[in-house]
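**Q** Shown below is the structure under consideration.
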Amino acid sequence: MADGVGPRLFVRAHLAAGATVELDHGQANYLGNVLRMKAGDPLLVFNGSDGEWQAVLNARGRRGLVVTAESQTRPQTPRPSLYYLFAPLKQGRLDYMVQKAVELGAGLMTPVITRHTQVTRVNVERMEANAIEAAEQCGILTIPQIDEPVPLGQLLDAWPALESTRRIIYCDEATDSAGPVATLGGLGDVAYAVLVGPEGGFSAEERQRLRSLPFVTPLPLGPRILRADTAAVAALALVQSVLGDWRSERPPGFERGQDAHR
C-alpha cells in the first residue's frame with residue numbers, strides 16, 4: 001500500500017474505513033495549536049491493533065476535533081518478540097530509555113527491582129506515554145506491553161513456568177566469556193529477554209544466582225563501564241543485530257524457532 005501523508009497519532013479507538021474518532025484535549029491542542037492543522041488536513045492514525053490509516057481532520061463545535069479514517073496505509077504487524085527487563089532509573093533517564101527501547105524493537109517492558117535499584121516507584125502511565133510518543137515519531141505500529149514492577153527474585157522464580165522457551169540475556173560487566181557477538185551467536189535462534197541492572201550493578205548474590213540458572217546467559221558489553229541507559233541501548237542493538245529482526249540473514253545452521261508471546 002502507498003505511504004500515508006501527515007503527522008502520526010495514536011488513538012484508543014477501533015479503526016476502519018469511515019470510523020470517526022473524537023480526540024482528547026491534549027491531542028486536539030497538539031494538532032490545532034502546536035501543528036496549526038485545520039479541518040480537511042490529512043494525518044495518519046493507528047491504535048496498535050488495526051494497522052495504520054490515512055485520515056482527515058474535522059472540526060466538531062468550537063473547539064472539538066475529530067478524525068475520520070479513510071483508507072488503510074499499512075496492515076497491523078505483530079508485537080515484537082523482544083522482552084526488555086530493566087532496573088528503573090530516575091525519571092528523565094527512564095523516559096529516554098523507554099523511548100529508545102521502543103525504537104529498538106521492544107515488545108514488552110518489565111521494571112525489575114534489584115538490591116541496588118535506587119528508584120522503586122515507577123509511573124507506568126508515564127512509561128506508556130513515552131512509548132506512544134516514540135511509536136508515533138518512528139512509524140511503529142505496535143505499543144509494547146508495560147508491566148508493573150517486580151522483584152528480581154520473584155521474576156526468576158516464575159520464569160521457568162511462564163517463559164519456558166525464552167532465554168534471559170543479562171548484561172554483566174564482570175563476565176569473562178567471549179565477546180558479545182560470539183556469545184549471542186552461540187545461543188542459536190532463541191526467544192529472548194534482555195535484562196539490564198541498576199547503576200550500581202547486580203549484587204554478588206544476584207549475579208551468582210543469575211549465573212547458576214540454565215535459562216540465563218551473561219553478556220559482556222566491552223571494556224568500559226556503561227551507564228544503565230547506555231548499556232540498555234548497546235545491549236538491545238547487539239541482540240537485535242545477532243538474534244533479532246535486524247538480521248539480513250541468519251548464520252549457517254540456525255533454524256527458525258517458535259516464539260511464544262506472553
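Every chain in the C-alpha cells takes a letter, A first, then B, and so on in the order presented; its residues are numbered from 1, and the ligands are numbered from 1 following the presented order.
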Which residues, written as a ChimeraX atom specification, have at least one atom at most 12 Å from Pro111 of chain A, with only C-alpha atoms counted and residues fewer than 2 positions away on the same chain left out?

**A** /A:83-89,94,97-98,108-109,113-114,117,119-124,127,145-152,155,194-198

**Q** May I ask which of the residues A:Leu9, A:Ala234, A:Val242, A:Ala135 is the closest one to Val56 of chain A, counting only C-alpha atoms?

**A**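 Nearest to Val56 of chain A: A:Leu9.
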
**Q** Quick one: of A:Ala204, A:Val67, A:Leu184, A:Ala129, who's nearest to Tyr96 of chain A, counting only C-alpha atoms?

**A**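 Smallest separation from Tyr96 of chain A among the options: A:Ala129.
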
**Q** Per DSSP on the backbone, what are the helix (DSSP H, G or I) residues of segment 6-203 of chain A, as a VMD selection string?

**A** chain A and resid 25 to 34 91 to 103 124 to 138 152 to 162 180 to 185

**Q** Store the residues picked out above in a file with C-alpha atoms, as a compact mmCIF listing (two decimals), in the first residue's frame.

**A**
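Resulting contents of result-v3.txt:
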# COMPACT_ATOMS: atom_id res chain seq x y z
CA HIS A 25 -7.98 17.70 24.81
CA GLY A 26 -4.25 17.08 24.61
CA GLN A 27 -4.42 15.65 21.11
CA ALA A 28 -6.69 18.44 19.89
CA ASN A 29 -4.37 21.07 21.36
CA TYR A 30 -1.32 19.45 19.76
CA LEU A 31 -2.86 19.25 16.29
CA GLY A 32 -4.74 22.56 16.37
CA ASN A 33 -2.41 24.84 18.32
CA VAL A 34 1.06 23.29 18.01
CA GLN A 91 12.61 9.90 35.65
CA GLY A 92 14.42 11.82 32.89
CA ARG A 93 16.73 8.93 32.07
CA LEU A 94 13.87 6.44 32.35
CA ASP A 95 11.90 8.48 29.78
CA TYR A 96 14.88 8.31 27.42
CA MET A 97 15.40 4.60 27.99
CA VAL A 98 11.75 3.73 27.33
CA GLN A 99 11.73 5.70 24.09
CA LYS A 100 14.95 4.06 22.86
CA ALA A 101 13.71 0.59 23.80
CA VAL A 102 10.60 1.15 21.67
CA GLU A 103 12.71 2.38 18.76
CA VAL A 124 3.67 3.04 34.40
CA GLU A 125 1.32 5.57 32.77
CA ARG A 126 4.24 7.88 32.05
CA MET A 127 6.19 4.96 30.61
CA GLU A 128 3.26 4.21 28.31
CA ALA A 129 3.04 7.86 27.23
CA ASN A 130 6.74 7.82 26.30
CA ALA A 131 6.29 4.55 24.44
CA ILE A 132 3.38 6.01 22.47
CA GLU A 133 5.36 9.15 21.61
CA ALA A 134 8.26 7.06 20.32
CA ALA A 135 5.91 4.90 18.25
CA GLU A 136 4.21 7.97 16.77
CA GLN A 137 7.51 9.56 15.76
CA CYS A 138 9.20 6.43 14.40
CA LEU A 152 14.20 -9.81 40.55
CA GLY A 153 13.92 -12.91 42.74
CA GLN A 154 10.20 -13.22 42.05
CA LEU A 155 10.78 -12.83 38.32
CA LEU A 156 13.43 -15.56 38.27
CA ASP A 157 11.30 -17.90 40.41
CA ALA A 158 8.37 -17.63 37.98
CA TRP A 159 10.34 -17.62 34.73
CA PRO A 160 10.57 -21.39 34.02
CA ALA A 161 6.78 -21.76 34.25
CA LEU A 162 5.83 -18.54 32.43
CA PRO A 180 29.19 -10.17 22.78
CA VAL A 181 28.72 -11.25 19.17
CA ALA A 182 30.32 -14.64 19.81
CA THR A 183 28.25 -15.09 22.97
CA LEU A 184 24.98 -14.30 21.23
CA GLY A 185 25.86 -16.26 18.10

**Q** Find the residues around Gln76 of chain A up to 7 Å (only C-alpha atoms counted), leave out those fewer than 6 positions away in its own chain, and share them as a list in words.

**A**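 The filter keeps Ser49, Asp50, Gly51 and Leu141 of chain A.
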
**Q** Go ahead and save the picked residues with C-alpha atoms, as a short mmCIF file (atom, residue, chain, number, x, y, z; two decimals), in the first residue's frame.

**A**
data_model
loop_
_atom_site.label_atom_id
_atom_site.label_comp_id
_atom_site.auth_asym_id
_atom_site.auth_seq_id
_atom_site.Cartn_x
_atom_site.Cartn_y
_atom_site.Cartn_z
CA SER A 49 -4.28 -3.42 16.60
CA ASP A 50 -5.92 -2.26 13.35
CA GLY A 51 -2.92 -1.10 11.35
CA LEU A 141 2.57 0.21 14.62
#

**Q** Could you name the residues that touch Cys171 of chain A at 10 Å or less, counting only C-alpha atoms, but leaving out those on the same chain fewer than 2 positions away, as number ranges by chain?

**A** A: 168-169, 173-175, 180, 194-197, 201-202, 217-221, 228, 231-232, 234-235

**Q** When you draw a straight line from atom CA of Gly107 of chain A to atom CA of Leu82 of chain A, how long is it in Å?

**A** 5.4 Å
